[in-house]
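As stored in work04.txt (compact mmCIF, C-alpha atoms and all ligand atoms):
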# COMPACT_ATOMS: atom_id res chain seq x y z
CA LEU A 30 -1.21 -9.82 14.55
CA VAL A 31 -2.31 -13.10 16.06
CA LYS A 32 0.28 -15.07 18.02
CA THR A 33 1.55 -17.59 15.56
CA SER A 34 4.79 -19.25 14.64
CA HIS A 35 4.02 -21.05 11.41
CA ALA A 36 3.86 -19.42 8.01
CA VAL A 37 3.13 -20.91 4.61
CA VAL A 38 4.36 -18.77 1.73
CA VAL A 39 2.35 -19.15 -1.48
CA THR A 40 4.27 -18.13 -4.57
CA HIS A 41 5.44 -19.03 -8.07
CA PRO A 42 8.71 -20.98 -8.48
CA GLY A 43 10.32 -18.04 -10.34
CA ILE A 44 9.50 -15.59 -7.56
CA ARG A 45 10.73 -18.01 -4.94
CA ARG A 46 14.06 -18.17 -6.78
CA LEU A 47 14.30 -14.36 -6.72
CA TYR A 48 13.03 -13.54 -3.25
CA GLY A 49 12.51 -16.81 -1.37
CA ASP A 50 15.67 -16.63 0.75
CA THR A 51 15.03 -13.03 1.78
CA VAL A 52 11.45 -13.75 2.76
CA GLU A 53 12.32 -16.93 4.62
CA ALA A 54 15.15 -15.22 6.54
CA SER A 55 12.90 -12.34 7.48
CA LEU A 56 10.13 -14.65 8.71
CA ALA A 57 12.66 -16.77 10.61
CA ARG A 58 14.00 -13.64 12.34
CA HIS A 59 10.48 -13.08 13.61
CA GLY A 60 10.27 -16.62 14.94
CA PHE A 61 8.35 -18.28 12.13
CA GLY A 62 8.86 -21.76 10.82
CA VAL A 63 8.29 -21.56 7.08
CA ASP A 64 6.71 -23.93 4.57
CA TRP A 65 6.23 -23.22 0.88
CA ALA A 66 3.33 -23.81 -1.47
CA GLU A 67 4.29 -23.29 -5.09
CA VAL A 68 1.77 -22.69 -7.85
CA PRO A 69 2.57 -22.34 -11.55
CA ASP A 70 2.89 -18.89 -13.06
CA GLY A 71 -0.07 -17.40 -14.93
CA GLU A 72 -3.70 -16.38 -14.66
CA GLU A 73 -4.72 -20.07 -15.08
CA SER A 74 -3.51 -20.60 -11.52
CA LYS A 75 -6.42 -18.55 -10.21
CA SER A 76 -8.56 -21.69 -10.34
CA LEU A 77 -10.44 -23.94 -7.96
CA SER A 78 -8.10 -26.78 -8.87
CA GLN A 79 -5.00 -24.78 -7.89
CA ALA A 80 -6.76 -23.64 -4.72
CA GLY A 81 -7.38 -27.34 -4.06
CA ARG A 82 -3.68 -28.08 -4.40
CA VAL A 83 -2.83 -25.31 -1.95
CA PHE A 84 -5.41 -26.74 0.51
CA ASP A 85 -3.71 -30.14 0.12
CA ARG A 86 -0.38 -28.54 0.89
CA LEU A 87 -1.79 -26.80 3.99
CA VAL A 88 -3.14 -30.08 5.32
CA GLU A 89 0.15 -31.79 4.53
CA CYS A 90 2.01 -29.08 6.52
CA HIS A 91 -0.32 -29.58 9.52
CA CYS A 92 -1.66 -26.05 9.35
CA ASP A 93 -4.16 -24.91 11.92
CA ARG A 94 -6.07 -21.70 12.47
CA ARG A 95 -3.00 -19.91 13.73
CA THR A 96 -1.01 -20.58 10.58
CA VAL A 97 -0.47 -17.42 8.62
CA LEU A 98 -0.46 -17.47 4.83
CA VAL A 99 1.91 -15.17 2.99
CA ALA A 100 1.04 -14.21 -0.58
CA LEU A 101 4.36 -13.51 -2.30
CA GLY A 102 3.79 -12.39 -5.89
CA GLY A 103 1.47 -10.41 -8.12
CA GLY A 104 -2.30 -10.24 -8.20
CA VAL A 105 -2.67 -13.87 -9.22
CA ILE A 106 -0.92 -15.05 -6.06
CA GLY A 107 -2.67 -12.43 -3.93
CA ASP A 108 -6.17 -13.28 -5.14
CA LEU A 109 -5.62 -17.05 -4.92
CA THR A 110 -3.93 -16.94 -1.51
CA GLY A 111 -6.57 -14.59 -0.14
CA PHE A 112 -9.31 -16.94 -1.31
CA VAL A 113 -7.60 -19.93 0.30
CA ALA A 114 -7.03 -17.95 3.52
CA ALA A 115 -10.69 -16.88 3.58
CA THR A 116 -11.95 -20.44 3.37
CA PHE A 117 -9.37 -22.73 4.96
CA MET A 118 -10.79 -23.67 8.37
CA ARG A 119 -13.32 -20.84 7.85
CA GLY A 120 -10.57 -18.27 7.68
CA ILE A 121 -6.93 -18.00 8.68
CA PRO A 122 -4.79 -14.85 8.76
CA PHE A 123 -2.91 -13.80 5.66
CA ILE A 124 -0.33 -11.24 4.68
CA GLN A 125 0.09 -9.69 1.25
CA VAL A 126 3.61 -9.22 -0.07
CA PRO A 127 2.85 -7.85 -3.53
CA THR A 128 5.69 -7.86 -6.06
CA THR A 129 4.12 -6.30 -9.16
CA LEU A 130 3.21 -2.64 -9.51
CA LEU A 131 -0.40 -3.64 -10.14
CA SER A 132 -0.59 -5.69 -6.98
CA GLN A 133 1.19 -3.02 -4.93
CA VAL A 134 -1.21 -0.25 -5.96
CA ASP A 135 -4.38 -2.22 -6.53
CA SER A 136 -5.03 -5.89 -5.82
CA SER A 137 -3.32 -6.11 -2.42
CA VAL A 138 -5.52 -3.34 -1.05
CA GLY A 139 -9.26 -3.67 -0.57
CA GLY A 140 -9.85 -7.27 0.41
CA LYS A 141 -11.28 -8.72 -2.78
CA THR A 142 -10.11 -12.30 -3.19
CA ALA A 143 -11.16 -14.74 -5.87
CA VAL A 144 -10.48 -17.52 -8.30
CA ASN A 145 -11.80 -17.70 -11.84
CA HIS A 146 -14.49 -19.98 -13.24
CA PRO A 147 -14.18 -21.18 -16.83
CA ARG A 148 -17.22 -19.01 -17.60
CA GLY A 149 -16.01 -15.86 -15.93
CA LYS A 150 -13.20 -14.10 -14.14
CA ASN A 151 -13.32 -13.78 -10.35
CA LEU A 152 -16.67 -15.57 -10.12
CA ILE A 153 -15.79 -17.45 -6.94
CA GLY A 154 -14.44 -15.44 -4.05
CA ALA A 155 -14.86 -13.58 -0.83
CA PHE A 156 -14.23 -10.21 0.73
CA TYR A 157 -11.40 -10.97 3.12
CA GLN A 158 -8.86 -8.46 4.38
CA PRO A 159 -5.17 -9.23 4.88
CA ARG A 160 -3.74 -8.53 8.34
CA LEU A 161 -0.86 -6.72 6.77
CA VAL A 162 0.43 -5.58 3.39
CA VAL A 163 4.21 -5.42 3.05
CA ILE A 164 5.49 -3.57 -0.01
CA ASP A 165 9.13 -3.60 -1.01
CA THR A 166 9.37 -1.36 -4.05
CA ALA A 167 12.81 -2.77 -4.87
CA THR A 168 11.15 -6.00 -6.06
CA LEU A 169 9.87 -4.05 -9.07
CA LYS A 170 13.42 -3.95 -10.48
CA THR A 171 13.03 -7.52 -11.71
CA LEU A 172 9.53 -6.96 -13.06
CA PRO A 173 9.29 -6.87 -16.88
CA GLN A 174 8.65 -3.33 -18.16
CA ASP A 175 5.30 -4.19 -19.78
CA GLU A 176 4.05 -5.47 -16.42
CA PHE A 177 5.22 -2.24 -14.80
CA LEU A 178 3.35 -0.17 -17.39
CA ALA A 179 0.19 -2.19 -16.86
CA GLY A 180 0.29 -1.10 -13.22
CA MET A 181 0.75 2.52 -14.30
CA ALA A 182 -2.71 2.49 -15.87
CA GLU A 183 -4.28 1.99 -12.43
CA VAL A 184 -1.98 4.68 -10.99
CA ILE A 185 -3.19 7.21 -13.56
CA LYS A 186 -6.75 6.09 -12.81
CA TYR A 187 -6.37 7.11 -9.15
CA GLY A 188 -5.37 10.60 -10.23
CA VAL A 189 -8.42 10.90 -12.45
CA ILE A 190 -10.94 9.63 -9.93
CA ALA A 191 -9.67 11.34 -6.80
CA ASP A 192 -6.71 13.67 -6.90
CA VAL A 193 -5.75 16.31 -9.47
CA ASP A 194 -2.49 17.09 -7.66
CA PHE A 195 -1.48 13.46 -7.87
CA PHE A 196 -2.35 13.43 -11.57
CA ALA A 197 -0.15 16.50 -12.07
CA TYR A 198 2.65 14.80 -10.11
CA ILE A 199 2.54 11.84 -12.51
CA GLU A 200 2.61 14.24 -15.46
CA ARG A 201 5.66 16.04 -14.07
CA HIS A 202 7.55 12.98 -12.86
CA ALA A 203 6.65 10.43 -15.51
CA ASP A 204 10.28 9.80 -16.44
CA ALA A 205 11.44 9.39 -12.85
CA ILE A 206 8.58 7.01 -12.15
CA LEU A 207 9.32 4.92 -15.22
CA LYS A 208 13.00 4.79 -14.23
CA GLN A 209 11.84 3.66 -10.80
CA GLU A 210 13.65 6.45 -8.96
CA PRO A 211 12.93 5.52 -5.35
CA GLU A 212 11.41 8.80 -4.18
CA ALA A 213 9.00 9.10 -7.11
CA LEU A 214 8.12 5.43 -7.02
CA GLU A 215 7.38 5.45 -3.31
CA HIS A 216 5.25 8.55 -3.60
CA VAL A 217 3.24 7.01 -6.40
CA ILE A 218 2.66 3.72 -4.60
CA GLU A 219 1.84 5.32 -1.28
CA THR A 220 -0.62 7.78 -2.78
CA SER A 221 -2.28 5.09 -4.89
CA CYS A 222 -2.77 2.82 -1.88
CA ALA A 223 -4.17 5.71 0.15
CA ILE A 224 -6.66 6.63 -2.56
CA LYS A 225 -7.81 3.05 -3.02
CA ALA A 226 -8.07 2.49 0.74
CA GLY A 227 -10.08 5.71 1.05
CA VAL A 228 -12.60 4.49 -1.51
CA VAL A 229 -12.82 0.99 -0.04
CA GLU A 230 -13.33 2.33 3.48
CA LYS A 231 -16.43 4.12 2.31
CA ASP A 232 -17.90 1.13 0.48
CA GLU A 233 -16.05 -2.12 1.13
CA ARG A 234 -18.62 -4.40 -0.48
CA GLU A 235 -19.13 -2.36 -3.60
CA ASN A 236 -22.72 -1.41 -3.02
CA HIS A 237 -22.22 1.65 -5.14
CA TYR A 238 -19.40 4.13 -4.52
CA ARG A 239 -16.55 1.60 -4.88
CA MET A 240 -17.50 1.41 -8.55
CA VAL A 241 -15.53 4.62 -9.16
CA LEU A 242 -12.49 2.34 -9.13
CA ASN A 243 -13.84 0.97 -12.39
CA PHE A 244 -13.03 4.13 -14.30
CA GLY A 245 -11.78 2.92 -17.69
CA HIS A 246 -12.80 -0.64 -16.95
CA THR A 247 -16.13 -0.83 -18.79
CA LEU A 248 -14.52 -0.59 -22.20
CA GLY A 249 -11.32 -2.14 -20.81
CA HIS A 250 -13.12 -5.36 -19.89
CA ALA A 251 -14.81 -5.42 -23.31
CA VAL A 252 -11.43 -5.08 -25.05
CA GLU A 253 -10.06 -7.94 -22.95
CA ALA A 254 -13.07 -10.16 -23.66
CA LEU A 255 -13.13 -9.42 -27.39
CA THR A 256 -9.44 -10.32 -27.66
CA ASP A 257 -9.80 -13.50 -25.54
CA TYR A 258 -7.73 -12.08 -22.68
CA ALA A 259 -4.68 -12.86 -24.76
CA ARG A 260 -3.66 -9.79 -26.71
CA TYR A 261 -3.55 -7.07 -24.08
CA LYS A 262 -2.60 -6.84 -20.46
CA HIS A 263 -5.38 -5.69 -18.19
CA GLY A 264 -3.63 -2.36 -17.66
CA GLU A 265 -3.30 -1.75 -21.38
CA ALA A 266 -7.01 -2.38 -21.85
CA VAL A 267 -7.76 -0.05 -18.94
CA ALA A 268 -5.60 2.64 -20.53
CA MET A 269 -7.70 2.45 -23.70
CA GLY A 270 -10.82 2.38 -21.56
CA MET A 271 -9.82 5.54 -19.72
CA VAL A 272 -9.30 7.40 -22.97
CA PHE A 273 -12.70 6.14 -24.13
CA ALA A 274 -14.45 7.03 -20.87
CA ALA A 275 -12.94 10.50 -21.01
CA GLN A 276 -14.16 11.02 -24.56
CA LEU A 277 -17.58 9.73 -23.59
CA SER A 278 -17.60 12.20 -20.69
CA VAL A 279 -17.10 15.03 -23.18
CA LEU A 280 -19.87 13.78 -25.47
CA ALA A 281 -22.19 13.39 -22.48
CA GLY A 282 -21.54 16.98 -21.50
CA ARG A 283 -19.82 16.07 -18.25
CA CYS A 284 -16.47 17.72 -18.91
CA PRO A 285 -14.72 19.89 -21.50
CA GLN A 286 -12.50 18.42 -24.21
CA PRO A 287 -9.19 19.54 -22.63
CA VAL A 288 -9.83 17.20 -19.67
CA ALA A 289 -10.09 14.22 -22.01
CA ASP A 290 -7.07 15.41 -23.95
CA ARG A 291 -5.02 15.62 -20.78
CA ILE A 292 -5.84 12.01 -19.91
CA ARG A 293 -4.96 10.80 -23.38
CA VAL A 294 -1.68 12.70 -23.36
CA LEU A 295 -0.59 11.18 -20.05
CA VAL A 296 -1.59 7.67 -21.14
CA LYS A 297 0.60 8.09 -24.22
CA LYS A 298 3.41 9.75 -22.30
CA VAL A 299 3.94 6.74 -20.05
CA GLY A 300 3.84 4.44 -23.08
CA LEU A 301 0.38 2.92 -22.71
CA PRO A 302 -1.93 2.44 -25.71
CA ASP A 303 -4.63 5.08 -26.22
CA GLN A 304 -6.46 3.35 -29.04
CA TRP A 305 -8.75 0.36 -28.79
CA PRO A 306 -8.75 -2.24 -31.55
CA VAL A 307 -11.03 -1.57 -34.49
CA ARG A 308 -14.24 -3.62 -34.20
CA ASP A 309 -17.80 -2.78 -35.05
CA ALA A 310 -19.51 -0.79 -32.34
CA GLN A 311 -22.16 -3.47 -31.76
CA SER A 312 -19.63 -6.08 -30.66
CA TYR A 313 -18.20 -3.62 -28.13
CA ILE A 314 -21.66 -2.76 -26.85
CA GLU A 315 -22.62 -6.42 -26.51
CA ALA A 316 -19.37 -7.17 -24.68
CA MET A 317 -20.08 -4.29 -22.29
CA TYR A 318 -23.57 -5.64 -21.57
CA LEU A 319 -22.11 -9.05 -20.80
CA ASP A 320 -19.65 -7.65 -18.27
CA LYS A 321 -20.81 -8.67 -14.81
CA LYS A 322 -20.64 -5.11 -13.55
CA SER A 323 -23.64 -4.12 -15.65
CA ALA A 324 -26.74 -4.88 -13.62
CA ASP A 325 -29.94 -5.61 -15.58
CA LYS A 326 -29.44 -4.38 -19.07
CA LYS A 327 -27.65 -1.28 -17.97
CA ILE A 328 -24.07 -0.43 -18.69
CA THR A 329 -22.50 1.53 -15.89
CA PHE A 330 -19.94 4.14 -16.83
CA ILE A 331 -17.66 6.12 -14.64
CA LEU A 332 -17.43 9.53 -16.27
CA ALA A 333 -15.00 12.33 -15.52
CA ARG A 334 -16.27 15.72 -14.41
CA ARG A 335 -12.75 17.02 -14.13
CA ILE A 336 -9.38 15.51 -13.26
CA GLY A 337 -9.90 14.35 -9.68
CA GLU A 338 -13.67 13.93 -9.78
CA VAL A 339 -15.80 11.28 -11.42
CA GLU A 340 -19.44 10.33 -11.42
CA ILE A 341 -21.24 7.00 -11.75
CA VAL A 342 -23.64 7.08 -14.68
CA GLU A 343 -26.07 4.31 -15.51
CA SER A 344 -27.85 5.51 -18.58
CA ILE A 345 -25.87 6.38 -21.65
CA ASP A 346 -27.48 6.47 -25.07
CA GLU A 347 -26.28 3.79 -27.40
CA SER A 348 -25.90 6.41 -30.08
CA MET A 349 -23.48 8.28 -27.86
CA LEU A 350 -21.49 5.09 -27.23
CA ILE A 351 -21.28 4.53 -30.96
CA ARG A 352 -19.96 8.05 -31.46
CA ALA A 353 -17.38 7.68 -28.71
CA LEU A 354 -16.27 4.31 -30.07
CA LYS A 355 -15.49 5.89 -33.44
CA ASN A 356 -12.90 8.06 -31.80
N1 LIG B 401 -8.24 -8.31 -5.77
C1 LIG B 401 -8.32 -7.19 -6.46
O1 LIG B 401 -8.87 -6.18 -6.01
C2 LIG B 401 -7.69 -7.14 -7.81
C3 LIG B 401 -7.51 -5.89 -8.44
C4 LIG B 401 -6.86 -5.87 -9.67
C5 LIG B 401 -6.43 -7.05 -10.25
N2 LIG B 401 -6.62 -8.23 -9.62
C6 LIG B 401 -6.15 -9.49 -10.21
O2 LIG B 401 -4.74 -9.45 -10.28
C7 LIG B 401 -4.32 -10.33 -11.31
C8 LIG B 401 -3.21 -9.68 -12.11
O3 LIG B 401 -2.14 -9.36 -11.24
P1 LIG B 401 -0.70 -8.99 -11.82
O4 LIG B 401 -0.84 -8.00 -12.90
O5 LIG B 401 0.15 -8.68 -10.66
O6 LIG B 401 -0.26 -10.32 -12.59
P2 LIG B 401 0.54 -11.63 -12.11
O7 LIG B 401 0.30 -11.92 -10.70
O8 LIG B 401 0.25 -12.69 -13.10
O9 LIG B 401 2.07 -11.18 -12.29
C9 LIG B 401 2.54 -10.84 -13.58
C10 LIG B 401 3.83 -11.58 -13.93
O10 LIG B 401 4.90 -10.99 -13.21
C11 LIG B 401 5.66 -12.00 -12.56
N3 LIG B 401 6.25 -11.33 -11.39
C12 LIG B 401 5.60 -10.94 -10.27
N4 LIG B 401 6.42 -10.22 -9.49
C13 LIG B 401 7.62 -10.20 -10.10
C14 LIG B 401 8.87 -9.61 -9.78
N5 LIG B 401 9.03 -8.84 -8.70
N6 LIG B 401 9.90 -9.79 -10.64
C15 LIG B 401 9.72 -10.50 -11.76
N7 LIG B 401 8.56 -11.08 -12.13
C16 LIG B 401 7.52 -10.92 -11.30
C17 LIG B 401 4.68 -13.08 -12.27
O11 LIG B 401 5.34 -14.30 -12.07
C18 LIG B 401 3.83 -13.05 -13.54
O12 LIG B 401 4.46 -13.76 -14.56
C19 LIG B 401 -5.54 -10.68 -12.11
O13 LIG B 401 -5.92 -12.00 -11.85
C20 LIG B 401 -6.59 -9.72 -11.61
O14 LIG B 401 -7.90 -10.27 -11.67
C21 LIG B 401 -7.24 -8.29 -8.41
ZN ZN B 402 -8.02 -2.79 -13.06
Show how you would write the structure in this file as structure tokens.
Amino acid sequence: LVKTSHAVVVTHPGIRRLYGDTVEASLARHGFGVDWAEVPDGEESKSLSQAGRVFDRLVECHCDRRTVLVALGGGVIGDLTGFVAATFMRGIPFIQVPTTLLSQVDSSVGGKTAVNHPRGKNLIGAFYQPRLVVIDTATLKTLPQDEFLAGMAEVIKYGVIADVDFFAYIERHADAILKQEPEALEHVIETSCAIKAGVVEKDERENHYRMVLNFGHTLGHAVEALTDYARYKHGEAVAMGMVFAAQLSVLAGRCPQPVADRIRVLVKKVGLPDQWPVRDAQSYIEAMYLDKKSADKKITFILARRIGEVEIVESIDESMLIRALKN
């Protein structure tokens, strides 16, 4: 780490109440003077205007290029803080201290930072890696259960895209994981981070291969868009999307039915939804075309060949989509 003695912790007021003293004491022990930048809770905080308020706070606290930013919170805090760190004085160091399961297994790893634009999520951002990611799994005890489950969707995803043994571990230890038994929880978080880091190392800027991380996300994003990002958590939509992608994989002749069944069973077992809302197929297909991940009139799907191996497919017949959507 760079030699520095000033940290600014970016967080929500509620998280500061829970963990602020611990974080401040720990930073002080390491010789840091600590300032705080609070942003309101919620996805709306991933905005240019909130980034502007954090910049104001950094100027007010006399930050310079040696100041280190600490993102204490979930993916909203991580993405916003990373974006501010990437751009303040052309880049200052930052540390991720993720406190949601989703941020511990997904958003804190990989270096994507962003804020939203009114016309689209994550439209303004940068690839910018944290110097360090510090995960304390005990923080998940205060996380609401539905937030925990949303993170589990990404965990299951890692099993499907990269590691059948990990998938089987989640099947066997689902109860222990959901009860947050330390050994199971640590194994799950560690393995998830390793799988994501492995993918990102091969293709940091998402030229192609990194797209495998989007397994379940093509339909998932469409579900989120069609329900105005209000009805489902991202992870719930991804759970539906994984079940859909698995079924599509069967229809496209990529894998046998039992593979898709196994994914659906695990999704249900952990308590995630396996059924997308009923809408006509055309509105789903249009929403999938609009998703920014579909380059020029093509919808990219990540299809399963087996548990632990997926493939990026760019041409799927609309008729096949319609059949899979009926599922
Ligand atoms: N950068 C990436 O690669 C990447 C990947 C996936 C998702 N994301 C982004 O992450 C964001 C979603 O992140 P999220 O799911 O963590 O949501 P979030 O950051 O909004 O956190 C969810 C809720 O949990 C609360 N919370 C956080 N930690 C807590 C704790 N320990 N105890 C009690 N409450 C706690 C938060 O205050 C918030 O209300 C989205 O904006 C998404 O775009 C980014
Ligand atoms: Zn996701």
Env of region 270-287 of chain A: 8 Å cut, atoms = only C-alpha atoms, seq-sep filter 2 positions within chain, self excluded. Answer as a PyMOL selection string.
chain A and resi 186+244-249+266-268+289-293+296+303-305+330-335+345+349-350+353-354+356
Of the listed residues A:Leu131, A:Leu152, A:Ala213, A:Val162, that which approaches ligand ZN 402 (chain B) most closely, counting only C-alpha atoms and all ligand atoms
A:Leu131
Restricting the calculation to all atoms listed in the file, which member of A:Val229, A:Leu98, A:Val38, A:Val83 is positioned closest to ligand LIG 401 (chain B)?
A:Val229
Smallest atom-to-atom distance to Ala114 (chain A): which of A:Asp93, A:Asp50, A:Glu210, A:Glu315, using all atoms listed in the file?
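Closest to Ala114 (chain A) of all the choices is A:Asp93.
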Mind giving me the axis-aligned box for ligand LIG 401 (chain B) with 8 Å on every side, centre plus edges in Å to one decimal, as JSON?
{"center_x": 0.5, "center_y": -10.1, "center_z": -10.2, "size_x": 34.8, "size_y": 24.4, "size_z": 24.8}
At a cut-off of 12 Å, using all atoms listed in the file, what residues contact Gly81 (chain A)? Leave out same-chain residues fewer than 6 positions from it and give the result as a list in words.
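What passes the distance filter is Ala66, Val68, Ser74, Lys75, Leu87, Val88, Leu109, Thr110, Phe112, Val113, Thr116, Phe117 and Val144 of chain A.
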Residues from last step as file, C-alpha atoms, as a compact mmCIF listing (two decimals), in the coordinates of the input:
# COMPACT_ATOMS: atom_id res chain seq x y z
CA ALA A 66 3.33 -23.81 -1.47
CA VAL A 68 1.77 -22.69 -7.85
CA SER A 74 -3.51 -20.60 -11.52
CA LYS A 75 -6.42 -18.55 -10.21
CA LEU A 87 -1.79 -26.80 3.99
CA VAL A 88 -3.14 -30.08 5.32
CA LEU A 109 -5.62 -17.05 -4.92
CA THR A 110 -3.93 -16.94 -1.51
CA PHE A 112 -9.31 -16.94 -1.31
CA VAL A 113 -7.60 -19.93 0.30
CA THR A 116 -11.95 -20.44 3.37
CA PHE A 117 -9.37 -22.73 4.96
CA VAL A 144 -10.48 -17.52 -8.30
Kindly indicate which residue among A:Gly140, A:Ala197, A:Ala179, A:Tyr187 lies nearest to Asp232 (chain A), using all atoms listed in the file for the distances.
A:Gly140
How many Å lie between CA of Val299 (chain A) and CA of Asp135 (chain A), rounded to one decimal?
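According to the coordinates, CA of Val299 (chain A) and CA of Asp135 (chain A) are separated by 18.2 Å.
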Which residues come within 10 Å of Cys90 (chain A), counting only C-alpha atoms, excluding same-chain residues fewer than 5 positions away, as a list in words?
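Counting only the stated atoms, we get His35, Ala36, Val37, Val63, Asp64, Trp65, Ala66, Phe84, Asp85 and Thr96 of chain A.
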For CA of Gly154 (chain A) and atom C2 of ligand LIG 401 (chain B), the interatomic separation in Å (one decimal):
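Separation of CA of Gly154 (chain A) and atom C2 of ligand LIG 401 (chain B): 11.3 Å.
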Residues around (10.2, -9.9, -11.6), cut-off 8 Å, counting only C-alpha atoms - what are they as a list in words?
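In the file's frame, the residues around the point are Ile44, Leu47, Thr128, Thr129, Thr168, Leu169, Lys170, Thr171, Leu172 and Pro173 of chain A.
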Report, in Å with one decimal, the straight-line distance from CA of Met317 (chain A) to CA of Leu255 (chain A).
10.0 Å
Grab region 287-301 of chain A from that structure and dump N, CA and C atoms to a file, as a tab-separated table (two decimals), in the first residue's frame.
chain	number	residue	atom	x	y	z
A	287	PRO	N	-31.47	-32.93	-17.19
A	287	PRO	CA	-31.12	-33.02	-15.76
A	287	PRO	C	-30.20	-31.89	-15.29
A	288	VAL	N	-29.38	-31.34	-16.17
A	288	VAL	CA	-28.51	-30.22	-15.77
A	288	VAL	C	-29.37	-29.01	-15.41
A	289	ALA	N	-30.34	-28.73	-16.27
A	289	ALA	CA	-31.24	-27.59	-16.00
A	289	ALA	C	-32.06	-27.84	-14.74
A	290	ASP	N	-32.50	-29.09	-14.58
A	290	ASP	CA	-33.29	-29.41	-13.40
A	290	ASP	C	-32.49	-29.18	-12.12
A	291	ARG	N	-31.22	-29.55	-12.18
A	291	ARG	CA	-30.37	-29.43	-10.99
A	291	ARG	C	-30.21	-27.96	-10.60
A	292	ILE	N	-30.10	-27.10	-11.59
A	292	ILE	CA	-29.97	-25.67	-11.31
A	292	ILE	C	-31.26	-25.14	-10.68
A	293	ARG	N	-32.38	-25.52	-11.28
A	293	ARG	CA	-33.66	-25.07	-10.75
A	293	ARG	C	-33.87	-25.55	-9.31
A	294	VAL	N	-33.52	-26.78	-9.06
A	294	VAL	CA	-33.72	-27.34	-7.72
A	294	VAL	C	-32.89	-26.56	-6.68
A	295	LEU	N	-31.66	-26.24	-7.03
A	295	LEU	CA	-30.82	-25.52	-6.06
A	295	LEU	C	-31.33	-24.09	-5.84
A	296	VAL	N	-31.75	-23.45	-6.92
A	296	VAL	CA	-32.32	-22.11	-6.80
A	296	VAL	C	-33.49	-22.12	-5.81
A	297	LYS	N	-34.37	-23.13	-5.98
A	297	LYS	CA	-35.52	-23.21	-5.08
A	297	LYS	C	-35.10	-23.57	-3.66
A	298	LYS	N	-34.13	-24.45	-3.57
A	298	LYS	CA	-33.69	-24.93	-2.25
A	298	LYS	C	-33.21	-23.79	-1.36
A	299	VAL	N	-32.49	-22.83	-1.95
A	299	VAL	CA	-32.00	-21.73	-1.11
A	299	VAL	C	-33.08	-20.66	-0.91
A	300	GLY	N	-34.22	-20.82	-1.58
A	300	GLY	CA	-35.32	-19.88	-1.36
A	300	GLY	C	-35.37	-18.73	-2.35
A	301	LEU	N	-34.73	-18.93	-3.50
A	301	LEU	CA	-34.81	-17.91	-4.55
A	301	LEU	C	-35.91	-18.26	-5.55
